[in-house]
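Okay, run_10.csv now, which holds CSV, C-alpha atoms:
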```
chain,number,residue,atom,x,y,z
A,5,MET,CA,80.2,89.0,134.4
A,6,ILE,CA,80.5,89.1,130.6
A,7,GLU,CA,79.3,92.7,130.7
A,8,VAL,CA,82.2,93.6,133.0
A,9,LEU,CA,84.6,91.8,130.7
A,10,ILE,CA,83.4,93.7,127.7
A,11,ALA,CA,83.6,97.0,129.6
A,12,LEU,CA,87.1,96.2,130.6
A,13,LEU,CA,88.2,95.4,127.1
A,14,THR,CA,86.5,98.6,125.8
A,15,ALA,CA,88.2,100.7,128.4
A,16,LEU,CA,91.5,99.1,127.5
A,17,LEU,CA,91.1,99.9,123.8
A,18,ILE,CA,90.0,103.5,124.6
A,19,LEU,CA,93.0,104.1,126.9
A,20,VAL,CA,95.5,102.5,124.5
A,21,GLY,CA,94.1,104.5,121.6
A,22,ALA,CA,94.2,107.7,123.5
A,23,GLY,CA,97.7,106.9,124.6
A,24,PHE,CA,98.8,106.4,121.0
A,25,ALA,CA,97.2,109.7,120.0
A,26,LEU,CA,99.1,111.5,122.8
A,27,VAL,CA,102.3,109.9,121.8
A,28,ALA,CA,101.8,111.0,118.2
A,29,ALA,CA,101.1,114.6,119.4
A,30,VAL,CA,104.2,114.6,121.6
A,31,GLY,CA,106.2,113.3,118.6
A,32,LEU,CA,104.8,116.1,116.5
A,33,THR,CA,106.0,118.7,118.9
A,34,ARG,CA,109.4,117.0,119.8
A,35,LEU,CA,110.8,115.7,116.5
A,36,PRO,CA,113.1,118.0,114.6
A,37,ASP,CA,111.9,118.1,110.9
A,38,VAL,CA,108.9,117.5,108.7
A,39,TYR,CA,109.9,114.0,107.6
A,40,THR,CA,110.4,112.6,111.1
A,41,ARG,CA,107.2,114.3,112.3
A,42,MET,CA,105.4,112.4,109.5
A,43,HIS,CA,106.5,109.2,111.1
A,44,ALA,CA,104.8,110.0,114.3
A,45,ALA,CA,101.6,111.3,112.7
A,46,SER,CA,101.1,108.5,110.2
A,47,LYS,CA,101.8,105.6,112.4
A,48,ALA,CA,100.9,106.3,116.0
A,49,GLY,CA,98.0,108.7,115.1
A,50,THR,CA,96.4,106.2,112.8
A,51,VAL,CA,96.6,103.3,115.2
A,52,GLY,CA,95.2,105.6,118.0
A,53,SER,CA,92.0,106.6,116.1
A,54,GLY,CA,91.6,103.1,114.7
A,55,LEU,CA,91.7,101.5,118.1
A,56,MET,CA,89.1,103.9,119.4
A,57,LEU,CA,86.8,103.1,116.5
A,58,LEU,CA,87.2,99.4,117.3
A,59,ALA,CA,86.2,100.2,120.9
A,60,VAL,CA,82.9,101.7,119.6
A,61,ALA,CA,82.2,98.4,117.7
A,62,LEU,CA,83.0,96.3,120.8
A,63,HIS,CA,80.8,98.5,123.0
A,64,ALA,CA,77.8,98.5,120.7
A,65,GLY,CA,78.1,94.7,120.1
A,66,ASP,CA,75.9,94.5,117.1
A,67,LEU,CA,76.9,93.3,113.6
A,68,SER,CA,76.1,96.4,111.6
A,69,THR,CA,78.1,98.7,113.9
A,70,LEU,CA,81.0,96.2,113.9
A,71,ALA,CA,80.9,96.1,110.1
A,72,ARG,CA,80.9,99.9,109.8
A,73,ALA,CA,83.6,100.3,112.4
A,74,LEU,CA,85.8,97.8,110.6
A,75,ALA,CA,85.2,99.5,107.3
A,76,GLY,CA,86.3,102.8,108.9
A,77,PHE,CA,89.3,101.2,110.5
A,78,PHE,CA,90.5,99.7,107.2
A,79,PHE,CA,89.9,103.0,105.4
A,80,PHE,CA,92.0,105.0,107.9
A,81,VAL,CA,94.8,102.4,107.9
A,82,LEU,CA,94.9,102.3,104.1
A,83,THR,CA,94.7,106.1,103.5
A,84,ALA,CA,97.2,107.2,106.2
A,85,PRO,CA,100.3,106.0,104.4
A,86,ILE,CA,99.1,107.5,101.1
A,87,SER,CA,98.7,111.0,102.5
A,88,ALA,CA,102.0,110.7,104.4
A,89,HIS,CA,103.7,109.6,101.2
A,90,LEU,CA,102.2,112.4,99.1
A,91,LEU,CA,103.1,115.1,101.7
A,92,ALA,CA,106.7,113.8,102.0
A,93,MET,CA,107.1,113.8,98.2
A,94,ALA,CA,105.7,117.3,97.8
A,95,ALA,CA,107.8,118.6,100.6
A,96,HIS,CA,111.0,117.0,99.2
A,97,LYS,CA,110.3,118.1,95.7
A,98,MET,CA,109.9,121.7,96.9
A,99,GLY,CA,113.2,121.4,98.7
A,100,TYR,CA,112.2,121.6,102.3
A,101,PRO,CA,115.4,120.5,103.9
A,102,LEU,CA,116.0,117.5,106.1
A,103,HIS,CA,117.3,118.1,109.7
A,104,GLU,CA,121.0,118.8,110.0
A,105,LYS,CA,121.5,115.5,111.9
A,106,SER,CA,120.4,113.5,108.8
A,107,VAL,CA,123.1,111.2,107.7
A,108,ARG,CA,122.3,110.9,104.0
A,109,ASP,CA,119.9,112.0,101.3
A,110,GLU,CA,120.2,109.7,98.2
A,111,LEU,CA,117.1,111.2,96.6
A,112,ASN,CA,118.8,114.5,96.5
A,113,ASP,CA,121.9,112.9,94.9
A,114,TYR,CA,119.6,111.2,92.4
A,115,ARG,CA,117.9,114.5,91.4
A,116,ASN,CA,121.1,116.4,90.8
B,13,MET,CA,75.6,102.3,138.7
B,14,THR,CA,77.0,98.9,137.9
B,15,ALA,CA,80.7,98.0,137.9
B,16,ALA,CA,80.8,97.8,134.1
B,17,GLN,CA,79.4,101.3,133.8
B,18,MET,CA,81.8,102.7,136.3
B,19,ILE,CA,84.9,101.2,134.6
B,20,LEU,CA,83.6,102.6,131.3
B,21,SER,CA,82.9,106.1,132.5
B,22,SER,CA,86.2,106.5,134.3
B,23,ALA,CA,88.1,105.3,131.3
B,24,LEU,CA,86.1,107.7,129.1
B,25,TRP,CA,87.0,110.6,131.3
B,26,LEU,CA,90.6,109.7,131.4
B,27,ALA,CA,90.7,109.2,127.6
B,28,LEU,CA,88.9,112.5,127.0
B,29,VAL,CA,91.5,114.3,129.1
B,30,VAL,CA,94.4,112.6,127.3
B,31,LEU,CA,92.9,113.4,123.9
B,32,GLY,CA,92.3,117.0,124.9
B,33,LEU,CA,96.0,117.3,125.8
B,34,SER,CA,97.1,115.8,122.5
B,35,PHE,CA,94.7,118.2,120.7
B,36,LEU,CA,96.4,121.2,122.4
B,37,LEU,CA,99.9,119.9,121.5
B,38,THR,CA,98.9,119.4,117.9
B,39,VAL,CA,97.3,122.9,117.7
B,40,TRP,CA,100.6,124.3,119.1
B,41,ARG,CA,102.4,122.6,116.2
B,42,VAL,CA,99.9,124.1,113.7
B,43,ILE,CA,100.4,127.6,115.1
B,44,LYS,CA,104.2,127.4,115.5
B,45,GLY,CA,105.2,124.9,112.8
B,46,PRO,CA,108.0,126.6,110.9
B,47,THR,CA,107.1,125.4,107.4
B,48,LEU,CA,103.9,124.8,105.5
B,49,PRO,CA,104.3,121.0,105.4
B,50,ASP,CA,104.6,121.0,109.2
B,51,ARG,CA,101.3,122.7,109.5
B,52,VAL,CA,99.7,120.3,107.0
B,53,VAL,CA,101.0,117.2,108.9
B,54,ALA,CA,99.6,118.7,112.1
B,55,LEU,CA,96.2,119.4,110.5
B,56,ASP,CA,96.1,115.8,109.3
B,57,MET,CA,96.9,114.6,112.8
B,58,LEU,CA,94.1,116.9,114.1
B,59,VAL,CA,91.6,115.1,112.0
B,60,GLY,CA,92.7,111.8,113.5
B,61,ILE,CA,92.3,113.2,117.0
B,62,VAL,CA,88.8,114.5,116.3
B,63,ILE,CA,87.9,111.1,115.0
B,64,GLY,CA,89.0,109.7,118.4
B,65,PHE,CA,86.8,112.3,120.1
B,66,ILE,CA,83.8,111.3,118.0
B,67,ALA,CA,84.4,107.6,118.8
B,68,LEU,CA,84.5,108.5,122.5
B,69,ILE,CA,81.3,110.5,122.3
B,70,ALA,CA,79.6,107.6,120.4
B,71,ILE,CA,80.5,105.3,123.3
B,72,ARG,CA,79.3,107.8,125.9
B,73,THR,CA,75.9,108.4,124.3
B,74,GLY,CA,75.5,105.0,122.8
B,75,PHE,CA,74.5,106.6,119.5
B,76,THR,CA,76.3,104.5,116.9
B,77,LEU,CA,75.4,106.7,114.0
B,78,TYR,CA,78.5,108.7,115.1
B,79,ILE,CA,80.6,106.1,113.4
B,80,ASP,CA,79.3,107.2,110.0
B,81,ILE,CA,80.2,110.8,110.9
B,82,ALA,CA,83.7,109.6,111.8
B,83,ILE,CA,84.2,107.8,108.5
B,84,SER,CA,83.0,110.8,106.5
B,85,LEU,CA,85.3,113.1,108.5
B,86,GLY,CA,88.2,110.7,107.8
B,87,LEU,CA,87.4,110.8,104.0
B,88,VAL,CA,87.2,114.6,104.1
B,89,GLY,CA,90.5,114.8,106.0
B,90,PHE,CA,92.2,112.5,103.6
B,91,LEU,CA,91.0,114.5,100.6
B,92,ALA,CA,92.1,117.8,102.3
B,93,THR,CA,95.6,116.4,102.9
B,94,VAL,CA,95.9,115.3,99.3
B,95,ALA,CA,94.7,118.8,98.2
B,96,PHE,CA,97.2,120.4,100.5
B,97,ALA,CA,100.0,118.3,99.0
B,98,ARG,CA,99.0,119.4,95.5
B,99,PHE,CA,98.9,123.0,96.8
B,100,ILE,CA,102.5,122.7,98.2
B,101,LEU,CA,103.6,121.3,94.8
B,102,ALA,CA,101.9,124.1,93.0
B,103,GLN,CA,102.9,127.1,94.9
B,104,GLY,CA,106.5,126.1,95.6
B,105,ARG,CA,108.5,127.0,98.5
B,106,GLY,CA,108.4,130.7,99.1
B,107,ASP,CA,108.7,131.3,102.8
B,108,GLU,CA,110.6,131.6,105.9
B,109,THR,CA,113.3,128.9,105.9
B,110,ALA,CA,114.1,129.4,102.2
B,111,GLU,CA,116.5,132.3,102.9
B,112,LYS,CA,118.4,130.6,105.7
B,113,GLU,CA,119.4,127.3,104.1
B,114,ALA,CA,121.2,127.3,100.8
B,115,SER,CA,118.6,126.1,98.2
B,116,LYS,CA,120.0,122.8,97.1
B,117,VAL,CA,117.2,121.0,95.3
B,118,ILE,CA,115.4,123.8,93.6
B,119,PRO,CA,117.4,125.9,91.2
B,120,ALA,CA,117.1,129.6,92.0
B,121,PRO,CA,115.6,131.0,88.7
B,122,PRO,CA,112.2,129.2,88.6
B,123,LEU,CA,111.5,130.1,92.2
B,124,ALA,CA,111.3,133.8,91.8
B,125,PRO,CA,108.3,134.2,89.4
B,126,LYS,CA,106.4,131.5,91.3
B,127,ARG,CA,106.8,133.4,94.5
B,128,LYS,CA,105.5,136.5,92.9
B,129,ARG,CA,102.5,134.7,91.6
B,130,ALA,CA,101.8,133.1,95.0
B,131,SER,CA,101.9,136.4,96.9
B,132,SER,CA,99.7,138.1,94.3
B,133,ARG,CA,96.8,135.7,95.3
B,134,LYS,CA,97.5,136.0,99.0
B,135,PRO,CA,94.1,137.5,99.9
B,136,GLY,CA,92.0,134.6,98.7
B,137,ALA,CA,94.3,131.7,99.7
B,138,GLY,CA,93.4,131.5,103.4
B,139,PRO,CA,95.5,130.6,106.4
B,140,ALA,CA,98.0,128.4,104.5
B,141,VAL,CA,99.9,131.3,103.3
B,142,SER,CA,99.9,133.2,106.6
B,143,GLY,CA,103.6,132.6,106.8
B,144,LYS,CA,104.1,135.0,103.9
B,145,ALA,CA,102.4,137.9,105.8
B,146,LYS,CA,105.7,138.4,107.6
B,147,LYS,CA,107.6,139.1,104.4
C,12,MET,CA,81.1,80.6,89.4
C,13,THR,CA,83.4,82.3,91.8
C,14,THR,CA,81.8,85.6,90.7
C,15,TYR,CA,78.4,84.5,91.9
C,16,ILE,CA,79.8,83.3,95.3
C,17,LEU,CA,81.7,86.5,95.7
C,18,SER,CA,78.6,88.6,94.9
C,19,LEU,CA,76.6,86.6,97.4
C,20,VAL,CA,79.3,87.2,100.1
C,21,PHE,CA,79.3,90.9,99.2
C,22,ALA,CA,75.5,91.0,99.4
C,23,VAL,CA,75.6,89.6,102.9
C,24,ILE,CA,78.3,92.1,103.9
C,25,TRP,CA,76.1,94.8,102.4
C,26,VAL,CA,73.1,93.6,104.5
C,27,ALA,CA,75.4,93.7,107.6
C,28,VAL,CA,76.7,97.2,106.9
C,29,THR,CA,73.3,98.7,106.2
C,30,GLY,CA,71.8,96.9,109.1
C,31,SER,CA,68.4,96.0,107.7
C,32,ALA,CA,68.0,92.3,106.9
C,33,THR,CA,65.1,92.4,104.5
C,34,LEU,CA,64.8,90.5,101.2
C,35,HIS,CA,64.7,93.7,99.2
C,36,ASN,CA,67.9,94.9,100.7
C,37,LEU,CA,69.6,91.6,100.0
C,38,ILE,CA,68.5,91.7,96.4
C,39,PHE,CA,69.7,95.3,96.1
C,40,GLY,CA,73.0,94.3,97.6
C,41,PHE,CA,73.3,91.4,95.2
C,42,ALA,CA,72.7,93.7,92.3
C,43,LEU,CA,75.1,96.2,93.6
C,44,SER,CA,77.9,93.7,94.1
C,45,THR,CA,77.3,92.1,90.7
C,46,LEU,CA,77.6,95.5,89.1
C,47,SER,CA,80.9,96.3,91.0
C,48,LEU,CA,82.4,92.9,90.2
C,49,TRP,CA,81.4,93.5,86.5
C,50,ILE,CA,83.4,96.7,86.6
C,51,VAL,CA,86.6,95.0,87.8
C,52,ARG,CA,86.0,91.8,85.7
C,53,GLU,CA,89.3,92.1,83.8
C,54,GLN,CA,91.5,92.2,86.9
C,55,MET,CA,89.5,89.3,88.4
C,56,SER,CA,90.0,86.9,85.5
C,57,ALA,CA,93.5,85.9,86.6
C,58,ARG,CA,93.9,82.2,87.3
C,59,GLY,CA,94.5,80.6,90.7
C,60,TYR,CA,92.4,83.2,92.5
C,61,TRP,CA,91.5,81.1,95.5
C,62,GLN,CA,95.0,79.7,96.0
C,63,ARG,CA,96.3,83.2,96.3
C,64,MET,CA,93.7,84.1,98.9
C,65,GLY,CA,95.7,82.3,101.6
C,66,ARG,CA,98.9,84.1,100.7
C,67,PHE,CA,97.0,87.4,100.5
C,68,LEU,CA,95.6,86.8,104.0
C,69,SER,CA,99.1,86.1,105.3
C,70,LEU,CA,100.3,89.4,103.8
C,71,LEU,CA,97.4,91.1,105.6
C,72,ALA,CA,98.4,89.5,108.9
C,73,LEU,CA,102.0,90.6,108.4
C,74,PHE,CA,100.7,94.1,107.6
C,75,PHE,CA,98.8,94.4,110.9
C,76,LYS,CA,101.7,92.9,112.9
C,77,GLU,CA,104.1,95.5,111.4
C,78,LEU,CA,101.6,98.3,112.0
C,79,ALA,CA,101.3,97.5,115.7
C,80,LEU,CA,105.1,97.1,115.9
C,81,SER,CA,105.8,100.4,114.2
C,82,ALA,CA,103.3,102.4,116.3
C,83,TRP,CA,105.0,100.9,119.4
C,84,LYS,CA,108.5,101.8,118.1
C,85,VAL,CA,107.5,105.4,117.4
C,86,ALA,CA,106.0,105.6,120.9
C,87,VAL,CA,109.3,104.3,122.5
C,88,LEU,CA,111.4,106.7,120.4
C,89,VAL,CA,109.3,109.7,121.2
C,90,MET,CA,109.0,109.0,124.9
C,91,ASN,CA,112.8,108.5,125.2
C,92,PRO,CA,114.1,111.7,126.9
C,93,ARG,CA,117.3,111.8,124.9
C,94,MET,CA,116.3,111.4,121.3
C,95,GLU,CA,119.2,110.2,119.3
C,96,LEU,CA,118.1,110.5,115.7
C,97,LYS,CA,120.0,109.6,112.6
C,98,PRO,CA,117.4,110.3,109.9
C,99,GLY,CA,118.1,110.0,106.2
C,100,ILE,CA,116.8,109.0,102.8
C,101,PHE,CA,118.2,105.9,101.2
C,102,ALA,CA,117.6,104.4,97.8
C,103,TYR,CA,116.0,101.0,97.7
C,104,PRO,CA,116.4,99.0,94.5
C,105,LEU,CA,113.0,97.5,93.5
C,106,THR,CA,112.6,93.9,92.3
C,107,VAL,CA,108.8,94.2,91.7
C,108,ASP,CA,108.0,96.2,88.6
C,109,ARG,CA,104.3,96.5,88.2
C,110,ASP,CA,102.6,99.7,89.3
C,111,PHE,CA,100.2,98.0,91.5
C,112,GLU,CA,102.9,96.1,93.3
C,113,ILE,CA,105.1,99.1,93.7
C,114,THR,CA,102.1,101.0,95.3
C,115,LEU,CA,101.4,98.2,97.7
C,116,LEU,CA,105.1,97.9,98.6
C,117,ALA,CA,105.4,101.6,99.2
C,118,ASN,CA,102.4,101.6,101.4
C,119,LEU,CA,103.6,98.7,103.4
C,120,ILE,CA,107.1,100.3,103.8
C,121,THR,CA,105.4,103.4,105.2
C,122,LEU,CA,103.8,101.3,107.9
C,123,THR,CA,107.0,99.4,108.8
C,124,PRO,CA,108.9,100.6,111.9
C,125,GLY,CA,110.8,103.8,111.2
C,126,THR,CA,110.5,103.9,107.4
C,127,LEU,CA,108.5,106.2,105.1
C,128,SER,CA,108.5,106.0,101.3
C,129,VAL,CA,109.1,109.3,99.7
C,130,ASP,CA,109.4,108.9,96.0
C,131,VAL,CA,109.8,106.5,93.1
C,132,SER,CA,112.4,107.2,90.3
C,133,GLN,CA,111.2,107.9,86.8
C,134,ASP,CA,112.2,104.4,85.5
C,135,ARG,CA,110.5,102.7,88.4
C,136,ARG,CA,113.6,100.9,89.5
C,137,THR,CA,114.3,102.7,92.7
C,138,LEU,CA,112.2,103.6,95.7
C,139,PHE,CA,113.4,106.4,97.9
C,140,VAL,CA,112.7,105.7,101.6
C,141,HIS,CA,113.1,108.0,104.5
C,142,ALA,CA,114.3,106.2,107.6
C,143,ILE,CA,114.2,107.6,111.1
C,144,ASP,CA,117.3,105.6,112.0
C,145,CYS,CA,119.5,105.5,108.9
C,146,SER,CA,122.8,104.4,110.6
C,147,ASP,CA,122.5,100.9,109.1
C,148,ALA,CA,120.6,101.3,105.8
C,149,GLU,CA,121.8,97.9,104.5
C,150,ALA,CA,120.0,96.0,107.2
C,151,VAL,CA,116.8,97.9,106.6
C,152,LYS,CA,117.0,97.1,102.9
C,153,ARG,CA,117.6,93.5,103.6
C,154,ASP,CA,114.6,93.4,106.0
C,155,ILE,CA,112.3,94.9,103.3
C,156,ALA,CA,113.6,92.5,100.6
C,157,THR,CA,113.1,89.4,102.6
C,158,GLY,CA,109.9,90.5,104.3
C,159,PHE,CA,107.4,92.5,102.3
C,160,GLU,CA,108.8,92.2,98.9
C,161,ARG,CA,109.0,88.5,98.9
C,162,LYS,CA,105.4,88.2,100.4
C,163,ILE,CA,104.1,90.5,97.6
C,164,MET,CA,105.8,88.4,95.0
C,165,GLU,CA,104.3,85.2,96.5
C,166,ALA,CA,100.8,86.7,96.7
C,167,PHE,CA,100.6,88.3,93.2
C,168,ARG,CA,102.8,86.3,90.9
```
Output the file's structure in the form of structure tokens.
Amino acid sequence: MIEVLIALLTALLILVGAGFALVAAVGLTRLPDVYTRMHAASKAGTVGSGLMLLAVALHAGDLSTLARALAGFFFFVLTAPISAHLLAMAAHKMGYPLHEKSVRDELNDYRN
Amino acid sequence: MTAAQMILSSALWLALVVLGLSFLLTVWRVIKGPTLPDRVVALDMLVGIVIGFIALIAIRTGFTLYIDIAISLGLVGFLATVAFARFILAQGRGDETAEKEASKVIPAPPLAPKRKRASSRKPGAGPAVSGKAKK
Amino acid sequence: MTTYILSLVFAVIWVAVTGSATLHNLIFGFALSTLSLWIVREQMSARGYWQRMGRFLSLLALFFKELALSAWKVAVLVMNPRMELKPGIFAYPLTVDRDFEITLLANLITLTPGTLSVDVSQDRRTLFVHAIDCSDAEAVKRDIATGFERKIMEAFR
């Protein structure tokens, strides 16, 4: 009984994680400019792979795997915003433009 | 095959298909992506998807050492993204969209010598400068 | 005293991570954690360490809540057939002024729904934030000021 419950939970985590990865990929193809694409990749993508790592921990069900999976999860969650921020800063500094629909760009005003 | 195994294996199949689909979409963005940062964002995302694949394989084979591989891949992916960001900052913006939009942020004079330098090291710099090949 | 307890906790975590519960490994983990705590000893010496732990944990809980929420928001936005975007970059006036706190705030902002921190001004007074829906920037600013920034102030001041 408990075995089925764990299998169900693992399956749920896997499917939700894969779903978030798919959403991030769809966002990557549909969104109009670099900055909005970064939103999709850094949030949905991270959550997707993090959930799948947690699924491994739940499936294995021993302490050392759980600890390593948690360490990996924290690592991904902490590094994703840093890389997104660095990329956004580099792209903006080098003058890659925002999409035409953008309503304002106060950083641009500040630089000039 | 018990019920638990059945649930798990069907979920794994479905998840593998979904991940494969998202992998293809991301690769499409890497190939098409009009600017260099677009490609870098897509490559970063690709690392995330591959980590998902590794996790699924770990569950399938029950071989938990795969987690260590996933963590080190994540580390390498993060460092690669940071290096790409530095690369974007260093080489400047010397490709396709630059001509279309009026350059608002970067003043025109410093751009020209940088571009010349970037194109002079084209052979060694790998796929990241493939956008310049058109020029 | 707290240093010893902390190194003991770290040693136990080390044993869990490496997965071999022998005495040698425990001693090695203890030595390793003592060494790493010795490296950061100056940052650790702040008073009221344990009282802050609770607030720090509540900050962590807020972080995970916001992460889940923001992934969900992105999902809804992307799956919506008619995407109506009003992206833009707005300037956010910072109240926190230490480097460490600015870093933390910028990271948290990146993981909140629909916002991504782009740059900090030279004088460290302004944070530039890219928002996917910039039609009401004032509301977003208010949310950050009453949410994350206040929590950070509580946890680290």
From the options B:Leu85, B:Ile79, B:Ile100, B:Val42, which residue's atoms come nearest to Val62 in chain B, counting all atoms listed in the file? B:Leu85
Return as a VMD selection string the residues belonging to chain C that are within 12 Å of chain B, counting only C-alpha atoms. chain C and resid 28 to 30
Filtering to C-alpha atoms, could you give me those residues as a compact mmCIF listing (two decimals), in the frame of the given file?
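Result saved to selection-v2.txt:
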```txt
# COMPACT_ATOMS: atom_id res chain seq x y z
CA VAL C 28 76.70 97.20 106.90
CA THR C 29 73.30 98.70 106.20
CA GLY C 30 71.80 96.90 109.10
```
Range 99-116 of chain C: which residues within 9 Å, counting only C-alpha atoms, same-chain residues fewer than 2 positions away excluded, as an NGL selection string? (:A and (102-103 or 105-112 or 114)) or (:C and (97 or 118-121 or 128-129 or 131 or 135-146 or 148 or 152 or 156 or 159-160 or 163-164 or 167))
Based on the selection just made, write C-alpha atoms of those residues as a tab-separated table (two decimals), keeping the file's coordinate frame.
```tsv
chain	number	residue	atom	x	y	z
A	102	LEU	CA	116.00	117.50	106.10
A	103	HIS	CA	117.30	118.10	109.70
A	105	LYS	CA	121.50	115.50	111.90
A	106	SER	CA	120.40	113.50	108.80
A	107	VAL	CA	123.10	111.20	107.70
A	108	ARG	CA	122.30	110.90	104.00
A	109	ASP	CA	119.90	112.00	101.30
A	110	GLU	CA	120.20	109.70	98.20
A	111	LEU	CA	117.10	111.20	96.60
A	112	ASN	CA	118.80	114.50	96.50
A	114	TYR	CA	119.60	111.20	92.40
C	97	LYS	CA	120.00	109.60	112.60
C	118	ASN	CA	102.40	101.60	101.40
C	119	LEU	CA	103.60	98.70	103.40
C	120	ILE	CA	107.10	100.30	103.80
C	121	THR	CA	105.40	103.40	105.20
C	128	SER	CA	108.50	106.00	101.30
C	129	VAL	CA	109.10	109.30	99.70
C	131	VAL	CA	109.80	106.50	93.10
C	135	ARG	CA	110.50	102.70	88.40
C	136	ARG	CA	113.60	100.90	89.50
C	137	THR	CA	114.30	102.70	92.70
C	138	LEU	CA	112.20	103.60	95.70
C	139	PHE	CA	113.40	106.40	97.90
C	140	VAL	CA	112.70	105.70	101.60
C	141	HIS	CA	113.10	108.00	104.50
C	142	ALA	CA	114.30	106.20	107.60
C	143	ILE	CA	114.20	107.60	111.10
C	144	ASP	CA	117.30	105.60	112.00
C	145	CYS	CA	119.50	105.50	108.90
C	146	SER	CA	122.80	104.40	110.60
C	148	ALA	CA	120.60	101.30	105.80
C	152	LYS	CA	117.00	97.10	102.90
C	156	ALA	CA	113.60	92.50	100.60
C	159	PHE	CA	107.40	92.50	102.30
C	160	GLU	CA	108.80	92.20	98.90
C	163	ILE	CA	104.10	90.50	97.60
C	164	MET	CA	105.80	88.40	95.00
C	167	PHE	CA	100.60	88.30	93.20
```
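If you measure from each of B:Val88, B:Val29, B:Met18, B:Ala67 to chain A using only C-alpha atoms, the closest one turns out to be B:Ala67.
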Just give me the gap between CA of Leu33 in chain B and CA of Val30 in chain A in Å, one decimal is fine. 9.6 Å
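Considering the residues A:Ser46, A:Thr33, A:Ser53, A:Thr14 and counting all atoms listed in the file, Leu20 in chain B has its shortest atom-to-atom contact with A:Thr14.
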Residue contacts of Ala88 in chain A (8 Å, all atoms listed in the file) excluding same-chain residues fewer than 3 positions away, as a ChimeraX atom specification: /A:42,46,84-85,91-92 /B:53 /C:127
Polymer residues at most 12 Å from (81.8, 110.5, 106.9) by all atoms listed in the file, as a ChimeraX atom specification: /A:72-73,75-76,79-80 /B:59,63,66,77-91
Measuring atom to atom with only C-alpha atoms, identify which of B:Leu31, B:Ala95, B:Ala102, B:Ile71 is nearest to Ala11 in chain A. B:Ile71
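With distances taken over only C-alpha atoms, C:Thr123 is the one residue among C:Thr33, C:Thr13, C:Thr123, C:Ser47 lying closest to chain A.
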Mind giving me the straight-line distance from CA of Thr69 in chain A to CA of Thr76 in chain B in Å, one decimal? 6.8 Å
Just how far from CA of Val51 in chain A is CA of Phe74 in chain C, in Å to one decimal? 12.6 Å
Closest contacts (chain A/chain B, max 7 Å, only C-alpha atoms) as JSON lines:
```
{"residue": "A:Glu7", "atom": "CA", "partner": "B:Ala16", "partner_atom": "CA", "distance": 6.3}
{"residue": "A:Val8", "atom": "CA", "partner": "B:Ala16", "partner_atom": "CA", "distance": 4.6}
{"residue": "A:Ala11", "atom": "CA", "partner": "B:Ala16", "partner_atom": "CA", "distance": 5.4}
{"residue": "A:Leu12", "atom": "CA", "partner": "B:Ile19", "partner_atom": "CA", "distance": 6.8}
{"residue": "A:Ala15", "atom": "CA", "partner": "B:Ala23", "partner_atom": "CA", "distance": 5.4}
{"residue": "A:Ile18", "atom": "CA", "partner": "B:Ala27", "partner_atom": "CA", "distance": 6.5}
{"residue": "A:Leu19", "atom": "CA", "partner": "B:Ala27", "partner_atom": "CA", "distance": 5.6}
{"residue": "A:Ala22", "atom": "CA", "partner": "B:Ala27", "partner_atom": "CA", "distance": 5.6}
{"residue": "A:Ala25", "atom": "CA", "partner": "B:Ser34", "partner_atom": "CA", "distance": 6.6}
{"residue": "A:Leu26", "atom": "CA", "partner": "B:Ser34", "partner_atom": "CA", "distance": 4.8}
{"residue": "A:Ala29", "atom": "CA", "partner": "B:Ser34", "partner_atom": "CA", "distance": 5.2}
{"residue": "A:Val30", "atom": "CA", "partner": "B:Leu37", "partner_atom": "CA", "distance": 6.8}
{"residue": "A:Leu32", "atom": "CA", "partner": "B:Thr38", "partner_atom": "CA", "distance": 6.9}
{"residue": "A:Thr33", "atom": "CA", "partner": "B:Arg41", "partner_atom": "CA", "distance": 6.0}
{"residue": "A:Val38", "atom": "CA", "partner": "B:Asp50", "partner_atom": "CA", "distance": 5.6}
{"residue": "A:Met42", "atom": "CA", "partner": "B:Val53", "partner_atom": "CA", "distance": 6.5}
{"residue": "A:Ala45", "atom": "CA", "partner": "B:Met57", "partner_atom": "CA", "distance": 5.7}
{"residue": "A:Gly49", "atom": "CA", "partner": "B:Gly60", "partner_atom": "CA", "distance": 6.3}
{"residue": "A:Thr50", "atom": "CA", "partner": "B:Gly60", "partner_atom": "CA", "distance": 6.7}
{"residue": "A:Ser53", "atom": "CA", "partner": "B:Gly64", "partner_atom": "CA", "distance": 4.9}
{"residue": "A:Met56", "atom": "CA", "partner": "B:Gly64", "partner_atom": "CA", "distance": 5.9}
{"residue": "A:Leu57", "atom": "CA", "partner": "B:Ala67", "partner_atom": "CA", "distance": 5.6}
{"residue": "A:Val60", "atom": "CA", "partner": "B:Ile71", "partner_atom": "CA", "distance": 5.7}
{"residue": "A:His63", "atom": "CA", "partner": "B:Ile71", "partner_atom": "CA", "distance": 6.8}
{"residue": "A:Thr69", "atom": "CA", "partner": "B:Thr76", "partner_atom": "CA", "distance": 6.8}
{"residue": "A:Ala73", "atom": "CA", "partner": "B:Ile79", "partner_atom": "CA", "distance": 6.6}
{"residue": "A:Gly76", "atom": "CA", "partner": "B:Ile83", "partner_atom": "CA", "distance": 5.4}
{"residue": "A:Phe80", "atom": "CA", "partner": "B:Gly86", "partner_atom": "CA", "distance": 6.9}
{"residue": "A:Thr83", "atom": "CA", "partner": "B:Phe90", "partner_atom": "CA", "distance": 6.9}
{"residue": "A:Ser87", "atom": "CA", "partner": "B:Val94", "partner_atom": "CA", "distance": 6.0}
{"residue": "A:Leu90", "atom": "CA", "partner": "B:Ala97", "partner_atom": "CA", "distance": 6.3}
{"residue": "A:Leu91", "atom": "CA", "partner": "B:Ala97", "partner_atom": "CA", "distance": 5.2}
{"residue": "A:Ala94", "atom": "CA", "partner": "B:Leu101", "partner_atom": "CA", "distance": 5.4}
{"residue": "A:Ala95", "atom": "CA", "partner": "B:Pro49", "partner_atom": "CA", "distance": 6.4}
{"residue": "A:Met98", "atom": "CA", "partner": "B:Arg105", "partner_atom": "CA", "distance": 5.7}
{"residue": "A:Gly99", "atom": "CA", "partner": "B:Val117", "partner_atom": "CA", "distance": 5.3}
{"residue": "A:Asn112", "atom": "CA", "partner": "B:Val117", "partner_atom": "CA", "distance": 6.8}
```
